[in-house]
Amino acid sequence: MLFRSAGIGIGAGSIRAVGSQVRKGDATSEGNIPYYKLFQSATKSCSQGGVRGGSATIHTVFWHAEIEDLLVLKNNKGTDETRVRNMDYSIQFNKVMYERLLSNGNITLFCPHDVPDLYESFFIDVDKFRELYTKYENDVNIKKKSVPAIDLFSIFIQERKDTGRIYLQNVDHANDHGSFIKDIAPIRQSNLCQEVDLPTKPLNSLFDPSGEISLCTLSAINWGKIKHPKDFERLCNLSVRALDELLDYQNYPIVAAQLSTYNRRPLGIGIINLAYWLAKNDLTYQNITKEGLQKIHEYAEAWSYYLIKASVDLASEKEACNLSNQTKYSMGTMAIDTYKKEVDELVDPIYYMDWDNLKSIAKQFGIRNSTLMALMPAETSAQVSNSTNGIEPPRALVSIKTSKDGVLKQVVPGVRRLKNKYDLLWDQKSPEGYLKICAVLQKFIDQGISVNTSYNPKFYENEELPLSELIKHIIMFYKYGGKQLYYFNTNDSAGEIQLDKDELEDDENCDSCTI
């Protein structure tokens, strides 16, 4: 469980399936749905200042025996007894699931309690998982069900499209291209918004010190202020040092959260205002060129390098975090060593930073913070700093933002000078350019990115999104090393003010341009 404020992630993939025996048959499990209802009630019992209700994302494996029922928990069909609509869901995949889809094969569904070693290998070792998966498929003594992969993927994608809130996690990428040594500290889930990848362990009791509730302390760097890669050095150093100090002052009401934070000291420093940075550099999302991706690669490398360097420097000054030895950093292994090599199809692996020297220092001193990067949605931060949200394209030049303080009309930065340079979300015919940008950024990130997929139906025949297109983009996301997918957005023009760009030219004091 990833816990703090309202951004809760719950790992529920190992809950027994309905009908599964308990205590050698003395009792039988009622399955996942009663527990999900319990999670929903607990989450909704709290709110932030009476304004924003508690929220949580439940994570479960794609091959769970109940997956066909769990995939539809959020839709409007069915009864309240068979639905848990006030939660969000993340479905977990690995390479074997995609192999079955591409080979027109079947997905075999199991109760995780019947195959515990299969569940553990799912997160740690794809080859071992494939071997066990095939073994149990052929074991006549284990209860199972076989479903055509295309049918199960179709249900997942349809529910993701219809609700917008069925997420995806590629657990093999989260572990292979993360900062932790996966055999020791595997990643089994993410958080509410799908950017955090930290180890967790179940608690046997509320005060169990052997359990692990992971918290990630977040901030973001405004790329709109960056003119040269060297500009990142001071900002990254300041961000890491400030957040690291904060870890010792925060309140940790549960020992499993306190110990995890003290032992790992995880940070998640993200990006805001990427759309403004792209516009200033005459780059777009939809038509991003290899040269454009190369520029993003150069800046992302510097951003990542200076964050890691700041933490390694802190380790040499103070000390490494207690569990530094569970990170790849302590072995001198960096993100540029573990990324999905298919990204080289998009950009050339040209580096400008002194990675060899940094690796040598990391092996000597370890690292102060077991993670450094995570790209969160940054909605509130963007409002406060008048920036574009995280790495997202803006939906309009002027958007309506609603908060506890009222309604705000927010204008994209530099609107008068760059109004024709911004690549607006609903003008894009597909998310492919955006996904390529995410792939390049993910190469340098030790945690994840809260990645959205967005579609404007007007660009498709009969304004219907073809299943083949949606599957293509999910496979593309996996191919280039994507870890988590967050929202599925479909254009409905809500919260946007559609202005002719000429309206932003004549009146310097127009209401829409004043904050």
# chains A, B, ... in the order shown; residues from 1 in each chain; ligands from 1

$ residues_around --residues "Leu441 (chain A)" --least-positions-apart "6" --cutoff "8 Å" --atoms "only C-alpha atoms" --output "ChimeraX atom specification"
/A:296-297,300

$ write_last_selection --atoms "all heavy atoms" --output "CSV table (one decimal), in the first residue's frame"
chain,number,residue,atom,x,y,z
A,296,ILE,N,15.1,16.7,-26.7
A,296,ILE,CA,14.5,16.3,-25.4
A,296,ILE,C,15.4,15.3,-24.7
A,296,ILE,O,15.6,15.4,-23.5
A,296,ILE,CB,13.1,15.6,-25.7
A,296,ILE,CG1,12.1,16.7,-26.3
A,296,ILE,CG2,12.6,15.0,-24.5
A,296,ILE,CD1,10.8,16.0,-26.8
A,297,HIS,N,16.0,14.4,-25.5
A,297,HIS,CA,17.0,13.5,-24.9
A,297,HIS,C,18.1,14.2,-24.2
A,297,HIS,O,18.5,13.9,-23.1
A,297,HIS,CB,17.5,12.6,-26.1
A,297,HIS,CG,18.4,11.5,-25.7
A,297,HIS,ND1,19.7,11.6,-25.4
A,297,HIS,CD2,18.1,10.2,-25.4
A,297,HIS,CE1,20.3,10.5,-25.1
A,297,HIS,NE2,19.3,9.6,-25.1
A,300,ALA,N,16.7,15.9,-21.0
A,300,ALA,CA,16.3,14.9,-20.0
A,300,ALA,C,17.6,14.3,-19.4
A,300,ALA,O,17.6,14.0,-18.2
A,300,ALA,CB,15.4,13.9,-20.7

$ select_by_dssp --residues "region 262-476 of chain A" --states "alpha helix (DSSP H)" --output "PyMOL selection string"
chain A and resi 262-264+274-280+290-317+335-338+355-365+379-385+415-418+432-442+467-476

$ residues_around --residues "Ile271 (chain A)" --least-positions-apart "3" --cutoff "7 Å" --atoms "only C-alpha atoms" --output "list of chain:residue names"
A:Ala220, A:Ile221, A:Asn222, A:Trp223, A:Leu274, A:Leu375, A:Gly390, A:Ile391

$ atom_distance --atom1 "CA of Ile150 (chain A)" --atom2 "CA of Ser468 (chain A)"
10.6 Å

$ residues_around --residues "Asp176 (chain A)" --least-positions-apart "6" --cutoff "9 Å" --atoms "only C-alpha atoms" --output "list in words"
Ile124, Lys182, Thr338, Tyr339 and Lys340 of chain A

$ residues_around --residues "Arg16 (chain A)" --least-positions-apart "5" --cutoff "10 Å" --atoms "only C-alpha atoms" --output "PyMOL selection string"
chain A and resi 21-22+28-32+64-66+110-114

$ residues_around --residues "Ser385 (chain A)" --least-positions-apart "4" --cutoff "10 Å" --atoms "only C-alpha atoms" --output "MDAnalysis selection string"
chainID A and resid 222 272:273 380:381 413

$ residues_around --residues "Glu99 (chain A)" --least-positions-apart "2" --cutoff "12 Å" --atoms "only C-alpha atoms" --output "PyMOL selection string"
chain A and resi 93-97+101-107+126+130+149-150+475+478-479

$ write_last_selection --atoms "all heavy atoms" --output "compact mmCIF listing (two decimals), in the first residue's frame"
# COMPACT_ATOMS: atom_id res chain seq x y z
N PHE A 93 0.41 -6.11 -16.23
CA PHE A 93 0.80 -6.95 -17.35
C PHE A 93 2.31 -7.21 -17.28
O PHE A 93 3.05 -6.50 -16.61
CB PHE A 93 0.51 -6.26 -18.69
CG PHE A 93 -0.94 -5.94 -18.92
CD1 PHE A 93 -1.53 -4.84 -18.32
CD2 PHE A 93 -1.72 -6.71 -19.77
CE1 PHE A 93 -2.86 -4.53 -18.53
CE2 PHE A 93 -3.04 -6.41 -20.00
CZ PHE A 93 -3.62 -5.31 -19.38
N ASN A 94 2.76 -8.22 -18.02
CA ASN A 94 4.17 -8.36 -18.34
C ASN A 94 4.29 -8.90 -19.76
O ASN A 94 3.29 -9.06 -20.47
CB ASN A 94 4.92 -9.21 -17.31
CG ASN A 94 4.59 -10.70 -17.40
OD1 ASN A 94 3.81 -11.14 -18.23
ND2 ASN A 94 5.19 -11.49 -16.52
N LYS A 95 5.48 -9.18 -20.18
CA LYS A 95 5.74 -9.54 -21.58
C LYS A 95 4.93 -10.76 -22.04
O LYS A 95 4.48 -10.81 -23.20
CB LYS A 95 7.24 -9.81 -21.78
CG LYS A 95 7.64 -10.04 -23.22
CD LYS A 95 9.15 -10.23 -23.33
CE LYS A 95 9.58 -10.40 -24.79
NZ LYS A 95 11.05 -10.57 -24.91
N VAL A 96 4.75 -11.73 -21.15
CA VAL A 96 4.03 -12.95 -21.53
C VAL A 96 2.60 -12.63 -21.97
O VAL A 96 2.08 -13.24 -22.92
CB VAL A 96 4.04 -13.95 -20.36
CG1 VAL A 96 3.19 -15.17 -20.69
CG2 VAL A 96 5.47 -14.38 -20.04
N MET A 97 1.97 -11.67 -21.30
CA MET A 97 0.60 -11.30 -21.67
C MET A 97 0.55 -10.76 -23.09
O MET A 97 -0.36 -11.09 -23.86
CB MET A 97 0.06 -10.28 -20.68
CG MET A 97 0.10 -10.70 -19.22
SD MET A 97 -0.98 -12.10 -18.83
CE MET A 97 0.21 -13.43 -18.66
N LEU A 101 -1.16 -12.20 -26.76
CA LEU A 101 -2.01 -11.39 -27.64
C LEU A 101 -1.49 -11.42 -29.07
O LEU A 101 -2.25 -11.66 -30.02
CB LEU A 101 -2.05 -9.95 -27.12
CG LEU A 101 -2.76 -8.93 -28.03
CD1 LEU A 101 -4.26 -9.25 -28.13
CD2 LEU A 101 -2.54 -7.51 -27.52
N LEU A 102 -0.19 -11.19 -29.25
CA LEU A 102 0.39 -11.08 -30.59
C LEU A 102 0.42 -12.43 -31.31
O LEU A 102 0.44 -12.48 -32.54
CB LEU A 102 1.80 -10.50 -30.50
CG LEU A 102 1.87 -9.04 -30.02
CD1 LEU A 102 3.31 -8.61 -29.80
CD2 LEU A 102 1.17 -8.11 -31.00
N SER A 103 0.42 -13.52 -30.55
CA SER A 103 0.43 -14.86 -31.17
C SER A 103 -0.98 -15.43 -31.31
O SER A 103 -1.14 -16.59 -31.68
CB SER A 103 1.30 -15.81 -30.34
OG SER A 103 0.72 -16.04 -29.06
N ASN A 104 -1.97 -14.59 -30.99
CA ASN A 104 -3.37 -15.02 -31.05
C ASN A 104 -3.62 -16.21 -30.12
O ASN A 104 -4.40 -17.12 -30.43
CB ASN A 104 -3.78 -15.40 -32.49
CG ASN A 104 -5.28 -15.36 -32.69
OD1 ASN A 104 -5.98 -14.61 -32.02
ND2 ASN A 104 -5.78 -16.18 -33.60
N GLY A 105 -2.94 -16.17 -28.97
CA GLY A 105 -3.06 -17.25 -28.00
C GLY A 105 -4.09 -16.96 -26.93
O GLY A 105 -4.92 -16.05 -27.06
N ASN A 106 -4.04 -17.73 -25.86
CA ASN A 106 -4.98 -17.61 -24.75
C ASN A 106 -4.28 -17.09 -23.50
O ASN A 106 -3.08 -17.28 -23.32
CB ASN A 106 -5.62 -18.96 -24.42
CG ASN A 106 -6.67 -19.36 -25.46
OD1 ASN A 106 -6.89 -18.65 -26.43
ND2 ASN A 106 -7.29 -20.50 -25.23
N ILE A 107 -5.05 -16.44 -22.65
CA ILE A 107 -4.62 -16.08 -21.30
C ILE A 107 -5.27 -17.07 -20.35
O ILE A 107 -6.49 -17.25 -20.36
CB ILE A 107 -5.04 -14.65 -20.93
CG1 ILE A 107 -4.47 -13.62 -21.92
CG2 ILE A 107 -4.61 -14.33 -19.49
CD1 ILE A 107 -2.98 -13.47 -21.89
N VAL A 126 10.60 -12.55 -15.85
CA VAL A 126 9.67 -12.90 -16.93
C VAL A 126 9.90 -14.32 -17.41
O VAL A 126 8.94 -15.07 -17.67
CB VAL A 126 9.80 -11.90 -18.10
CG1 VAL A 126 9.06 -12.41 -19.33
CG2 VAL A 126 9.25 -10.54 -17.70
N ARG A 130 7.17 -17.26 -17.29
CA ARG A 130 6.72 -17.98 -18.49
C ARG A 130 6.81 -19.50 -18.28
O ARG A 130 5.90 -20.25 -18.65
CB ARG A 130 7.54 -17.55 -19.70
CG ARG A 130 7.05 -18.13 -21.02
CD ARG A 130 7.98 -17.81 -22.18
NE ARG A 130 8.03 -16.37 -22.46
CZ ARG A 130 9.03 -15.58 -22.13
NH1 ARG A 130 10.09 -16.08 -21.50
NH2 ARG A 130 9.00 -14.31 -22.43
N ALA A 149 -6.78 -14.34 -25.66
CA ALA A 149 -6.11 -13.09 -25.24
C ALA A 149 -6.79 -11.87 -25.84
O ALA A 149 -6.97 -10.85 -25.16
CB ALA A 149 -4.64 -13.14 -25.63
N ILE A 150 -7.20 -11.96 -27.12
CA ILE A 150 -7.81 -10.81 -27.77
C ILE A 150 -9.13 -10.44 -27.09
O ILE A 150 -9.47 -9.26 -26.98
CB ILE A 150 -8.03 -11.07 -29.28
CG1 ILE A 150 -8.55 -9.82 -29.98
CG2 ILE A 150 -8.93 -12.26 -29.51
CD1 ILE A 150 -7.64 -8.63 -29.91
N ILE A 475 0.56 -1.52 -27.35
CA ILE A 475 1.73 -2.33 -27.69
C ILE A 475 2.94 -1.42 -27.95
O ILE A 475 4.07 -1.74 -27.53
CB ILE A 475 1.43 -3.21 -28.92
CG1 ILE A 475 0.40 -4.28 -28.55
CG2 ILE A 475 2.71 -3.86 -29.45
CD1 ILE A 475 -0.09 -5.10 -29.70
N TYR A 478 4.34 -0.40 -24.65
CA TYR A 478 5.16 -1.46 -24.06
C TYR A 478 6.50 -1.60 -24.78
O TYR A 478 7.55 -1.75 -24.14
CB TYR A 478 4.41 -2.80 -24.10
CG TYR A 478 5.21 -3.91 -23.46
CD1 TYR A 478 5.22 -4.08 -22.09
CD2 TYR A 478 6.01 -4.76 -24.23
CE1 TYR A 478 5.99 -5.07 -21.49
CE2 TYR A 478 6.78 -5.75 -23.64
CZ TYR A 478 6.77 -5.90 -22.27
OH TYR A 478 7.54 -6.87 -21.68
N LYS A 479 6.48 -1.55 -26.09
CA LYS A 479 7.70 -1.73 -26.89
C LYS A 479 8.79 -0.76 -26.46
O LYS A 479 9.97 -1.14 -26.37
CB LYS A 479 7.38 -1.53 -28.37
CG LYS A 479 8.62 -1.53 -29.26
CD LYS A 479 8.27 -1.21 -30.71
CE LYS A 479 9.53 -1.12 -31.56
NZ LYS A 479 9.23 -0.82 -32.99

$ atom_distance --atom1 "CA of Asp197 (chain A)" --atom2 "CA of Gln447 (chain A)"
5.1 Å

$ decode --residues "region 176-187 of chain A" --atoms "all heavy atoms" --output "CSV table (one decimal), in the first residue's frame"
chain,number,residue,atom,x,y,z
A,176,ASP,N,12.6,-3.9,-14.2
A,176,ASP,CA,13.9,-4.0,-14.9
A,176,ASP,C,14.5,-2.6,-15.1
A,176,ASP,O,15.7,-2.5,-15.1
A,176,ASP,CB,13.6,-4.6,-16.3
A,176,ASP,CG,13.2,-6.0,-16.3
A,176,ASP,OD1,13.5,-6.7,-15.3
A,176,ASP,OD2,12.6,-6.5,-17.3
A,177,HIS,N,13.7,-1.6,-15.3
A,177,HIS,CA,14.2,-0.2,-15.5
A,177,HIS,C,13.9,0.7,-14.3
A,177,HIS,O,13.6,1.8,-14.4
A,177,HIS,CB,13.6,0.3,-16.8
A,177,HIS,CG,14.2,1.7,-17.2
A,177,HIS,ND1,15.5,2.0,-17.2
A,177,HIS,CD2,13.6,2.8,-17.6
A,177,HIS,CE1,15.7,3.2,-17.6
A,177,HIS,NE2,14.5,3.7,-17.8
A,178,GLY,N,14.0,0.1,-13.1
A,178,GLY,CA,13.9,0.9,-11.9
A,178,GLY,C,15.2,1.0,-11.2
A,178,GLY,O,16.2,0.5,-11.6
A,179,SER,N,15.2,1.6,-10.0
A,179,SER,CA,16.4,1.8,-9.3
A,179,SER,C,16.7,0.7,-8.3
A,179,SER,O,17.8,0.6,-7.7
A,179,SER,CB,16.4,3.1,-8.5
A,179,SER,OG,15.3,3.1,-7.5
A,180,PHE,N,15.7,-0.2,-8.1
A,180,PHE,CA,15.9,-1.3,-7.1
A,180,PHE,C,16.3,-2.6,-7.7
A,180,PHE,O,16.0,-2.9,-8.8
A,180,PHE,CB,14.6,-1.5,-6.3
A,180,PHE,CG,14.1,-0.3,-5.6
A,180,PHE,CD1,13.2,0.6,-6.1
A,180,PHE,CD2,14.7,0.1,-4.3
A,180,PHE,CE1,12.8,1.7,-5.4
A,180,PHE,CE2,14.3,1.2,-3.6
A,180,PHE,CZ,13.3,2.0,-4.2
A,181,ILE,N,17.1,-3.3,-6.9
A,181,ILE,CA,17.5,-4.7,-7.3
A,181,ILE,C,16.3,-5.6,-7.1
A,181,ILE,O,15.8,-5.8,-6.0
A,181,ILE,CB,18.7,-5.2,-6.4
A,181,ILE,CG1,19.9,-4.3,-6.6
A,181,ILE,CG2,19.0,-6.6,-6.8
A,181,ILE,CD1,21.0,-4.5,-5.7
A,182,LYS,N,15.7,-6.0,-8.2
A,182,LYS,CA,14.3,-6.6,-8.2
A,182,LYS,C,14.2,-7.9,-7.4
A,182,LYS,O,13.2,-8.2,-6.8
A,182,LYS,CB,13.8,-6.8,-9.6
A,182,LYS,CG,14.7,-7.8,-10.5
A,182,LYS,CD,14.1,-7.8,-11.9
A,182,LYS,CE,14.9,-8.7,-12.7
A,182,LYS,NZ,14.4,-8.8,-14.1
A,183,ASP,N,15.3,-8.7,-7.3
A,183,ASP,CA,15.3,-9.9,-6.5
A,183,ASP,C,15.1,-9.6,-5.0
A,183,ASP,O,14.7,-10.5,-4.2
A,183,ASP,CB,16.6,-10.7,-6.7
A,183,ASP,CG,16.7,-11.2,-8.2
A,183,ASP,OD1,15.6,-11.2,-8.9
A,183,ASP,OD2,17.8,-11.6,-8.6
A,184,ILE,N,15.6,-8.4,-4.6
A,184,ILE,CA,15.6,-8.1,-3.2
A,184,ILE,C,14.4,-7.2,-2.8
A,184,ILE,O,13.7,-7.4,-1.8
A,184,ILE,CB,16.9,-7.3,-2.8
A,184,ILE,CG1,18.1,-8.2,-3.1
A,184,ILE,CG2,16.9,-6.9,-1.3
A,184,ILE,CD1,19.4,-7.5,-2.9
A,185,ALA,N,14.1,-6.2,-3.7
A,185,ALA,CA,13.1,-5.2,-3.4
A,185,ALA,C,12.2,-5.0,-4.7
A,185,ALA,O,12.3,-4.0,-5.3
A,185,ALA,CB,13.7,-3.9,-3.0
A,186,PRO,N,11.4,-6.0,-5.0
A,186,PRO,CA,10.6,-5.9,-6.2
A,186,PRO,C,9.4,-4.8,-6.1
A,186,PRO,O,9.0,-4.5,-5.0
A,186,PRO,CB,10.0,-7.3,-6.4
A,186,PRO,CG,9.9,-7.8,-5.0
A,186,PRO,CD,11.1,-7.3,-4.3
A,187,ILE,N,9.1,-4.3,-7.3
A,187,ILE,CA,7.9,-3.3,-7.4
A,187,ILE,C,6.7,-4.2,-7.7
A,187,ILE,O,6.6,-4.9,-8.7
A,187,ILE,CB,8.2,-2.3,-8.5
A,187,ILE,CG1,9.5,-1.6,-8.3
A,187,ILE,CG2,7.0,-1.3,-8.6
A,187,ILE,CD1,9.7,-0.9,-7.0
